[in-house]
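entry-v9.txt, holding compact mmCIF, C-alpha atoms:
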```txt
# COMPACT_ATOMS: atom_id res chain seq x y z
CA MET A 30 13.54 6.07 -58.20
CA LEU A 31 12.42 3.41 -55.74
CA SER A 32 12.82 -0.20 -56.63
CA PHE A 33 9.86 -2.49 -56.74
CA GLU A 34 10.99 -4.14 -53.51
CA ALA A 35 11.37 -0.81 -51.74
CA LEU A 36 7.89 0.25 -52.83
CA ALA A 37 6.47 -3.04 -51.61
CA ALA A 38 8.19 -2.50 -48.28
CA VAL A 39 6.78 1.01 -47.97
CA ASN A 40 3.31 -0.23 -48.81
CA GLY A 41 3.69 -2.96 -46.22
CA GLN A 42 4.68 -0.46 -43.58
CA GLU A 43 1.75 1.74 -44.40
CA ARG A 44 -0.58 -1.16 -44.25
CA ALA A 45 0.85 -2.12 -40.88
CA ARG A 46 0.47 1.44 -39.66
CA SER A 47 -3.12 1.77 -40.82
CA THR A 48 -3.98 -1.62 -39.32
CA HIS A 49 -2.59 -0.35 -36.07
CA LEU A 50 -4.69 2.79 -36.33
CA CYS A 51 -7.84 0.94 -37.25
CA TYR A 52 -7.85 -1.90 -34.81
CA THR A 53 -6.03 -0.90 -31.65
CA PHE A 54 -6.43 2.05 -29.36
CA ASP A 55 -4.09 3.29 -26.73
CA MET A 56 -5.18 4.39 -23.31
CA LYS A 57 -3.49 6.14 -20.47
CA ILE A 58 -3.21 4.70 -17.00
CA HIS A 59 -1.68 6.16 -13.89
CA ILE A 60 0.96 4.13 -12.05
CA ARG A 61 2.27 4.93 -8.58
CA TYR A 62 5.34 3.39 -6.96
CA PHE A 63 5.91 2.84 -3.27
CA ALA A 64 8.61 1.55 -0.92
CA SER A 65 11.22 -0.63 -2.62
CA LEU A 66 9.60 -0.22 -6.05
CA ARG A 67 9.83 3.56 -5.75
CA GLU A 68 13.48 3.34 -4.77
CA ILE A 69 14.49 0.95 -7.56
CA THR A 70 12.57 2.72 -10.34
CA GLU A 71 13.40 6.16 -8.93
CA LEU A 72 9.83 7.13 -9.77
CA SER A 73 6.90 8.04 -7.55
CA GLU A 74 4.38 7.96 -10.33
CA GLU A 75 3.98 8.15 -14.06
CA ILE A 76 1.40 8.08 -16.81
CA LEU A 77 1.78 5.01 -18.96
CA THR A 78 0.30 4.49 -22.40
CA VAL A 79 -0.87 0.93 -22.87
CA GLN A 80 -2.95 -0.87 -25.48
CA ASP A 81 -6.67 -1.01 -25.07
CA GLY A 82 -7.56 -4.23 -23.28
CA ALA A 83 -4.19 -4.50 -21.52
CA THR A 84 -4.23 -6.42 -18.24
CA VAL A 85 -2.33 -5.86 -15.02
CA ALA A 86 -0.07 -8.76 -16.07
CA ASP A 87 0.73 -7.00 -19.37
CA VAL A 88 1.83 -3.85 -17.56
CA ARG A 89 3.80 -5.92 -15.09
CA ALA A 90 5.69 -7.57 -17.97
CA GLN A 91 6.31 -4.15 -19.53
CA LEU A 92 7.75 -2.83 -16.25
CA LEU A 93 9.95 -5.90 -15.77
CA ALA A 94 11.45 -5.30 -19.20
CA ARG A 95 12.13 -1.66 -18.34
CA PHE A 96 13.36 -2.26 -14.79
CA PRO A 97 14.93 -5.75 -14.54
CA ARG A 98 15.97 -5.00 -10.96
CA ILE A 99 12.36 -4.99 -9.72
CA GLN A 100 11.99 -8.69 -10.52
CA LEU A 101 12.54 -10.02 -6.98
CA VAL A 102 10.14 -7.54 -5.42
CA MET A 103 7.55 -8.00 -8.18
CA GLU A 104 7.50 -11.75 -7.60
CA ARG A 105 6.20 -11.10 -4.10
CA SER A 106 3.98 -8.12 -4.89
CA VAL A 107 0.23 -7.99 -5.24
CA CYS A 108 -1.60 -5.31 -7.13
CA ALA A 109 -4.35 -2.79 -6.69
CA VAL A 110 -6.43 -0.96 -9.25
CA ASN A 111 -8.25 2.15 -8.10
CA ARG A 112 -7.35 1.40 -4.48
CA GLY A 113 -8.75 -2.14 -4.37
CA TYR A 114 -6.82 -5.44 -4.52
CA VAL A 115 -7.20 -7.24 -7.84
CA GLY A 116 -5.74 -10.24 -9.65
CA ALA A 117 -3.16 -10.03 -12.46
CA GLU A 118 -5.78 -10.96 -15.08
CA THR A 119 -7.70 -7.73 -14.42
CA VAL A 120 -8.33 -5.69 -17.55
CA LEU A 121 -7.36 -2.04 -17.26
CA HIS A 122 -9.37 0.98 -18.34
CA GLU A 123 -8.56 4.56 -19.26
CA ASP A 124 -7.45 6.63 -16.22
CA ASP A 125 -7.15 3.62 -13.91
CA GLU A 126 -4.72 3.98 -11.03
CA LEU A 127 -2.49 0.92 -10.86
CA VAL A 128 -0.18 0.16 -7.96
CA PHE A 129 2.01 -2.87 -7.42
CA ILE A 130 2.12 -3.48 -3.69
CA PRO A 131 5.39 -4.91 -2.36
CA PRO A 132 5.18 -7.17 0.70
CA MET A 133 4.08 -5.24 3.76
CA GLY A 134 5.92 -5.83 6.95
CA GLY A 135 5.04 -3.07 9.36
CA GLY A 136 5.85 -5.39 12.26
CA SER A 137 5.50 -9.10 12.61
CA LYS A 138 3.50 -11.21 15.03
CA GLN A 139 5.96 -14.05 14.54
CA GLU A 140 8.98 -12.03 15.53
CA LYS A 141 9.89 -13.07 19.04
CA MET B 12 -19.81 7.22 15.78
CA GLU B 13 -17.70 7.49 12.63
CA PRO B 14 -14.26 6.00 13.28
CA ILE B 15 -11.31 8.36 13.47
CA ILE B 16 -8.69 7.42 10.88
CA GLN B 17 -5.46 9.38 10.60
CA LEU B 18 -2.39 8.98 8.45
CA THR B 19 0.10 11.64 9.27
CA ARG B 20 3.74 12.69 9.28
CA GLU B 21 3.26 14.35 12.66
CA PRO B 22 3.82 12.64 16.03
CA LEU B 23 0.76 10.71 17.20
CA ASP B 24 -1.21 12.01 20.17
CA ARG B 25 -2.42 9.07 22.27
CA ASN B 26 -4.42 11.13 24.74
CA ALA B 27 -6.25 13.12 22.09
CA LEU B 28 -7.24 9.88 20.33
CA ALA B 29 -8.44 8.28 23.58
CA GLU B 30 -10.45 11.35 24.48
CA ALA B 31 -12.04 11.46 21.05
CA VAL B 32 -13.56 7.99 21.43
CA THR B 33 -14.56 8.22 25.10
CA GLN B 34 -18.31 8.51 25.64
CA ALA B 35 -20.63 8.08 28.60
CA SER B 36 -21.66 4.59 27.41
CA VAL B 37 -18.05 3.33 27.40
CA GLY B 38 -16.93 0.91 30.12
CA GLY B 39 -13.49 -0.04 28.82
CA ILE B 40 -10.82 1.45 26.59
CA VAL B 41 -8.06 -0.62 25.03
CA ILE B 42 -5.13 1.18 23.46
CA PHE B 43 -2.50 -0.51 21.33
CA GLU B 44 0.57 1.57 20.61
CA GLY B 45 3.30 0.32 18.32
CA VAL B 46 6.64 1.98 18.96
CA VAL B 47 9.97 1.97 17.15
CA ARG B 48 12.38 -0.57 18.63
CA ASP B 49 16.14 -0.14 18.57
CA ASN B 50 16.79 -3.67 17.32
CA ALA B 51 15.45 -6.17 14.80
CA ARG B 52 16.68 -9.65 13.93
CA GLY B 53 20.00 -9.00 15.60
CA LYS B 54 20.53 -5.63 13.97
CA GLN B 55 21.00 -2.28 15.65
CA VAL B 56 18.23 -0.08 14.27
CA ARG B 57 18.98 3.64 13.92
CA TYR B 58 15.56 4.78 12.74
CA LEU B 59 12.59 3.68 10.63
CA GLU B 60 11.15 5.12 7.47
CA TYR B 61 7.48 4.44 6.72
CA ASP B 62 5.93 4.79 3.28
CA ALA B 63 2.17 4.72 2.79
CA TYR B 64 -0.28 4.56 -0.10
CA ILE B 65 -2.42 6.96 1.85
CA GLU B 66 -5.68 6.92 -0.08
CA MET B 67 -5.86 3.13 -0.23
CA ALA B 68 -4.59 2.70 3.33
CA LYS B 69 -7.43 4.86 4.63
CA GLU B 70 -9.99 2.87 2.69
CA GLN B 71 -8.53 -0.43 3.93
CA ILE B 72 -8.48 0.75 7.53
CA ARG B 73 -12.08 1.93 7.20
CA ALA B 74 -13.05 -1.56 5.96
CA ILE B 75 -11.19 -3.26 8.84
CA VAL B 76 -12.90 -1.04 11.41
CA ALA B 77 -16.29 -1.67 9.81
CA GLU B 78 -15.65 -5.41 10.12
CA ALA B 79 -14.67 -5.03 13.79
CA GLU B 80 -17.78 -2.97 14.48
CA GLN B 81 -19.93 -5.62 12.91
CA ARG B 82 -18.25 -8.56 14.68
CA TRP B 83 -17.93 -7.13 18.17
CA GLY B 84 -20.45 -4.32 18.18
CA VAL B 85 -17.81 -1.75 19.12
CA GLU B 86 -18.76 1.76 18.11
CA HIS B 87 -15.90 4.01 19.12
CA VAL B 88 -12.64 3.38 17.29
CA ALA B 89 -9.64 5.51 16.41
CA VAL B 90 -6.73 4.34 14.23
CA ALA B 91 -3.72 6.55 13.61
CA HIS B 92 -0.60 5.60 11.65
CA ARG B 93 2.43 7.71 11.12
CA PHE B 94 4.66 7.75 8.05
CA GLY B 95 7.98 9.34 7.15
CA ARG B 96 11.03 9.09 9.40
CA LEU B 97 10.46 7.80 12.95
CA GLU B 98 13.04 7.75 15.71
CA ILE B 99 13.53 5.03 18.34
CA GLY B 100 10.76 5.11 20.92
CA GLU B 101 8.29 7.06 18.79
CA ALA B 102 4.81 5.67 18.13
CA SER B 103 4.19 4.41 14.61
CA VAL B 104 0.63 3.27 15.16
CA ILE B 105 -2.06 3.83 17.79
CA ILE B 106 -5.37 2.00 17.91
CA VAL B 107 -7.99 2.95 20.46
CA VAL B 108 -11.13 0.89 20.94
CA ALA B 109 -13.72 1.99 23.45
CA ALA B 110 -16.53 -0.43 24.23
CA PRO B 111 -19.16 -1.10 26.89
CA HIS B 112 -17.11 -4.10 28.16
CA ARG B 113 -13.45 -5.12 28.08
CA ALA B 114 -13.75 -8.41 26.19
CA GLU B 115 -14.93 -6.87 22.93
CA ALA B 116 -12.50 -3.98 23.34
CA PHE B 117 -9.49 -6.34 23.66
CA GLU B 118 -10.59 -8.69 20.90
CA SER B 119 -11.45 -6.05 18.37
CA CYS B 120 -8.28 -4.06 19.06
CA ARG B 121 -6.22 -7.20 18.47
CA TYR B 122 -8.14 -7.92 15.29
CA ILE B 123 -7.64 -4.39 13.97
CA ILE B 124 -3.86 -4.29 14.50
CA ASP B 125 -3.28 -7.82 13.17
CA THR B 126 -5.35 -7.23 10.05
CA LEU B 127 -3.87 -3.79 9.49
CA LYS B 128 -0.35 -5.26 9.38
CA THR B 129 -1.25 -7.66 6.59
CA THR B 130 -3.67 -5.75 4.36
CA VAL B 131 -3.01 -2.03 4.67
CA PRO B 132 -0.44 -0.70 2.17
CA ILE B 133 2.06 0.81 4.58
CA TRP B 134 5.71 -0.18 4.36
CA LYS B 135 8.57 0.05 6.80
CA LYS B 136 12.25 0.46 6.05
CA GLU B 137 14.71 -0.35 8.80
CA VAL B 138 17.79 1.78 8.71
CA ALA B 139 20.34 -0.11 10.77
CA THR B 140 23.98 0.54 11.57
CA ASP B 141 25.00 -1.93 8.83
CA GLY B 142 22.58 -1.00 6.04
CA GLU B 143 18.92 -0.58 5.27
CA GLU B 144 16.08 -2.74 4.00
CA TRP B 145 12.34 -2.71 3.41
CA VAL B 146 10.96 -5.20 5.88
CA GLU B 147 8.70 -7.99 4.71
CA GLY B 148 6.12 -9.45 7.04
```
Go ahead and render the structure in this file as structure tokens.
Amino acid sequence: MLSFEALAAVNGQERARSTHLCYTFDMKIHIRYFASLREITELSEEILTVQDGATVADVRAQLLARFPRIQLVMERSVCAVNRGYVGAETVLHEDDELVFIPPMGGGSKQEK
Amino acid sequence: MEPIIQLTREPLDRNALAEAVTQASVGGIVIFEGVVRDNARGKQVRYLEYDAYIEMAKEQIRAIVAEAEQRWGVEHVAVAHRFGRLEIGEASVIIVVAAPHRAEAFESCRYIIDTLKTTVPIWKKEVATDGEEWVEG
């Protein structure tokens, strides 16, 4: 038979779970990786489930936690949602295509 | 004329691109061709590897060409960029601008290549004799 404390803990968990179900929704976004980010993550693309209302910055933080080695590149990357450049504060939507764009250097004017 | 925009793994064909933009009203054609060099920052380059976010790159190039058309009134433009592995001496990018007069052809061609390098999501990896790295502009 469960103790009072154990029952309280179970109730708490259920409450937490139902709160989660009631007030947050998950959505799927599509991420693609290029150049150094593709090599470090060893991924070309993936579908990521994120919380409704997540921003580009939220996903960036999530990726940094998963792939610490992308930190240096990420610091110098910009991002694009649905093939247009956007800021990190941009709110994502279901089915968005998100790409972090590492510095481009297809040849330099300065190089002498 | 709609600009010609190509992103391809295949070798670029300069003459075909020039022919495609040549019209009776054209008085000058400027071609910029970027080729793979065998050295960079003191390193001996073996070959280059280009990666491209093709869909976005095409949209960005289209926007750059539209801007050039508006600024200089040029109407016949072709932009081709290669990706994948490129050997020394091969063309990585070709831009052809045909215009009634040379001034707008030179200026708009320069504008297109300079802007392309900074805003179009195409990346280059130098594979040198002593290692490899994604090059930052």
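Every protein or nucleic acid residue with an atom no more than 10 Å from Ile58 of chain A, counting only C-alpha atoms and leaving out same-chain residues fewer than 2 positions away, appears here: Asp55, Met56, Ile60, Glu75, Ile76, Leu77, Thr78, Val79, Val88, Leu121, His122, Glu123, Asp124, Asp125, Glu126 and Leu127 of chain A.
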| said: Residues of chain B within 12 Å of chain A, counting only C-alpha atoms, what are they? List them as number ranges by chain. | reply: B: 45-48, 50-53, 59-71, 74, 92-95, 103-104, 121, 124-137, 143-148
| task | Would you work out the distance separating atom CA of Leu93 of chain A from atom CA of Lys57 of chain A, expressed in Å to one decimal? | result | 18.6 Å
| remark: As a check of understanding: the span from atom CA of Tyr122 of chain B to atom CA of Leu66 of chain A is 28.8 Å
| Between B:His112, B:Gly142, B:Gly100, B:Ile105, which is the closest to Val85 of chain B once you count only C-alpha atoms? | B:His112
What would the list of residues within 8 Å of (-4.6, -6.9, -11.1) (file frame) look like as a compact mmCIF listing (two decimals) with C-alpha atoms, in the coordinates of the input, if all atoms listed in the file are what count?
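As written to disk, result_0.txt reads:
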```
# COMPACT_ATOMS: atom_id res chain seq x y z
CA THR A 84 -4.23 -6.42 -18.24
CA VAL A 85 -2.33 -5.86 -15.02
CA ALA A 86 -0.07 -8.76 -16.07
CA VAL A 107 0.23 -7.99 -5.24
CA CYS A 108 -1.60 -5.31 -7.13
CA ALA A 109 -4.35 -2.79 -6.69
CA VAL A 110 -6.43 -0.96 -9.25
CA TYR A 114 -6.82 -5.44 -4.52
CA VAL A 115 -7.20 -7.24 -7.84
CA GLY A 116 -5.74 -10.24 -9.65
CA ALA A 117 -3.16 -10.03 -12.46
CA GLU A 118 -5.78 -10.96 -15.08
CA THR A 119 -7.70 -7.73 -14.42
CA VAL A 120 -8.33 -5.69 -17.55
```
Work out where the centre of an axis-aligned box around every listed atom of segment 21-26 of chain B lies and how long its edges are once 5 Å is added on each side; give both in Å to one decimal as AutoDock Vina command-line options.
```
--center_x -0.3 --center_y 11.7 --center_z 18.7 --size_x 18.2 --size_y 15.3 --size_z 22.1
```
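Atom CA of Ala102 of chain B sits 22.6 Å away from atom CA of Ala79 of chain B.
Protein, DNA and RNA residues at most 7 Å from (-9.4, 8.3, 11.0), with all atoms listed in the file, are these: Pro14, Ile15, Ile16, Gln17, Ala89, Val90 and Ala91 of chain B.
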Using the selection just defined, write its residues with C-alpha atoms as a compact mmCIF listing (two decimals), in the frame of the given file.
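Generated output (again24.txt):
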```
# COMPACT_ATOMS: atom_id res chain seq x y z
CA PRO B 14 -14.26 6.00 13.28
CA ILE B 15 -11.31 8.36 13.47
CA ILE B 16 -8.69 7.42 10.88
CA GLN B 17 -5.46 9.38 10.60
CA ALA B 89 -9.64 5.51 16.41
CA VAL B 90 -6.73 4.34 14.23
CA ALA B 91 -3.72 6.55 13.61
```
Could segment 78-107 of chain A be completed with N, CA and C atoms and returned as a short mmCIF file (atom, residue, chain, number, x, y, z; two decimals), in the frame of the given file?
```cif
data_model
loop_
_atom_site.label_atom_id
_atom_site.label_comp_id
_atom_site.auth_asym_id
_atom_site.auth_seq_id
_atom_site.Cartn_x
_atom_site.Cartn_y
_atom_site.Cartn_z
N THR A 78 1.21 4.75 -21.29
CA THR A 78 0.30 4.49 -22.40
C THR A 78 0.33 3.00 -22.69
N VAL A 79 -0.81 2.37 -22.62
CA VAL A 79 -0.87 0.93 -22.87
C VAL A 79 -1.97 0.66 -23.90
N GLN A 80 -1.94 -0.53 -24.48
CA GLN A 80 -2.95 -0.87 -25.48
C GLN A 80 -4.29 -1.11 -24.82
N ASP A 81 -5.32 -0.74 -25.53
CA ASP A 81 -6.67 -1.01 -25.07
C ASP A 81 -6.81 -2.51 -24.77
N GLY A 82 -7.39 -2.83 -23.64
CA GLY A 82 -7.56 -4.23 -23.28
C GLY A 82 -6.39 -4.81 -22.51
N ALA A 83 -5.36 -4.02 -22.26
CA ALA A 83 -4.19 -4.50 -21.52
C ALA A 83 -4.60 -4.92 -20.11
N THR A 84 -3.95 -5.96 -19.61
CA THR A 84 -4.23 -6.42 -18.24
C THR A 84 -3.11 -5.95 -17.31
N VAL A 85 -3.35 -6.15 -16.03
CA VAL A 85 -2.33 -5.86 -15.02
C VAL A 85 -1.06 -6.65 -15.34
N ALA A 86 -1.23 -7.91 -15.75
CA ALA A 86 -0.07 -8.76 -16.07
C ALA A 86 0.73 -8.19 -17.25
N ASP A 87 0.03 -7.60 -18.22
CA ASP A 87 0.73 -7.00 -19.37
C ASP A 87 1.61 -5.84 -18.91
N VAL A 88 1.06 -5.00 -18.04
CA VAL A 88 1.83 -3.85 -17.56
C VAL A 88 3.00 -4.32 -16.71
N ARG A 89 2.75 -5.35 -15.94
CA ARG A 89 3.80 -5.92 -15.09
C ARG A 89 4.98 -6.38 -15.97
N ALA A 90 4.65 -7.07 -17.06
CA ALA A 90 5.69 -7.57 -17.97
C ALA A 90 6.46 -6.40 -18.59
N GLN A 91 5.71 -5.35 -18.94
CA GLN A 91 6.31 -4.15 -19.53
C GLN A 91 7.29 -3.50 -18.54
N LEU A 92 6.88 -3.44 -17.28
CA LEU A 92 7.75 -2.83 -16.25
C LEU A 92 8.98 -3.68 -15.99
N LEU A 93 8.80 -5.00 -16.00
CA LEU A 93 9.95 -5.90 -15.77
C LEU A 93 10.99 -5.75 -16.87
N ALA A 94 10.52 -5.50 -18.09
CA ALA A 94 11.45 -5.30 -19.20
C ALA A 94 12.21 -3.97 -19.04
N ARG A 95 11.50 -2.97 -18.53
CA ARG A 95 12.13 -1.66 -18.34
C ARG A 95 13.04 -1.62 -17.13
N PHE A 96 12.60 -2.30 -16.06
CA PHE A 96 13.36 -2.26 -14.79
C PHE A 96 13.65 -3.69 -14.32
N PRO A 97 14.65 -4.35 -14.92
CA PRO A 97 14.93 -5.75 -14.54
C PRO A 97 15.16 -5.92 -13.04
N ARG A 98 15.64 -4.86 -12.38
CA ARG A 98 15.97 -5.00 -10.96
C ARG A 98 14.74 -5.08 -10.05
N ILE A 99 13.53 -4.86 -10.59
CA ILE A 99 12.36 -4.99 -9.72
C ILE A 99 11.83 -6.43 -9.65
N GLN A 100 12.45 -7.31 -10.43
CA GLN A 100 11.99 -8.69 -10.52
C GLN A 100 11.70 -9.36 -9.17
N LEU A 101 12.69 -9.33 -8.27
CA LEU A 101 12.54 -10.02 -6.98
C LEU A 101 11.37 -9.48 -6.18
N VAL A 102 11.23 -8.16 -6.17
CA VAL A 102 10.14 -7.54 -5.42
C VAL A 102 8.80 -7.85 -6.10
N MET A 103 8.78 -7.75 -7.43
CA MET A 103 7.55 -8.00 -8.18
C MET A 103 7.01 -9.41 -7.95
N GLU A 104 7.93 -10.38 -7.81
CA GLU A 104 7.50 -11.75 -7.60
C GLU A 104 6.67 -11.89 -6.32
N ARG A 105 6.92 -10.99 -5.37
CA ARG A 105 6.20 -11.10 -4.10
C ARG A 105 5.18 -9.97 -3.92
N SER A 106 4.93 -9.23 -5.00
CA SER A 106 3.98 -8.12 -4.89
C SER A 106 2.58 -8.54 -5.32
N VAL A 107 1.61 -7.85 -4.75
CA VAL A 107 0.23 -7.99 -5.24
C VAL A 107 -0.11 -6.67 -5.92
#
```
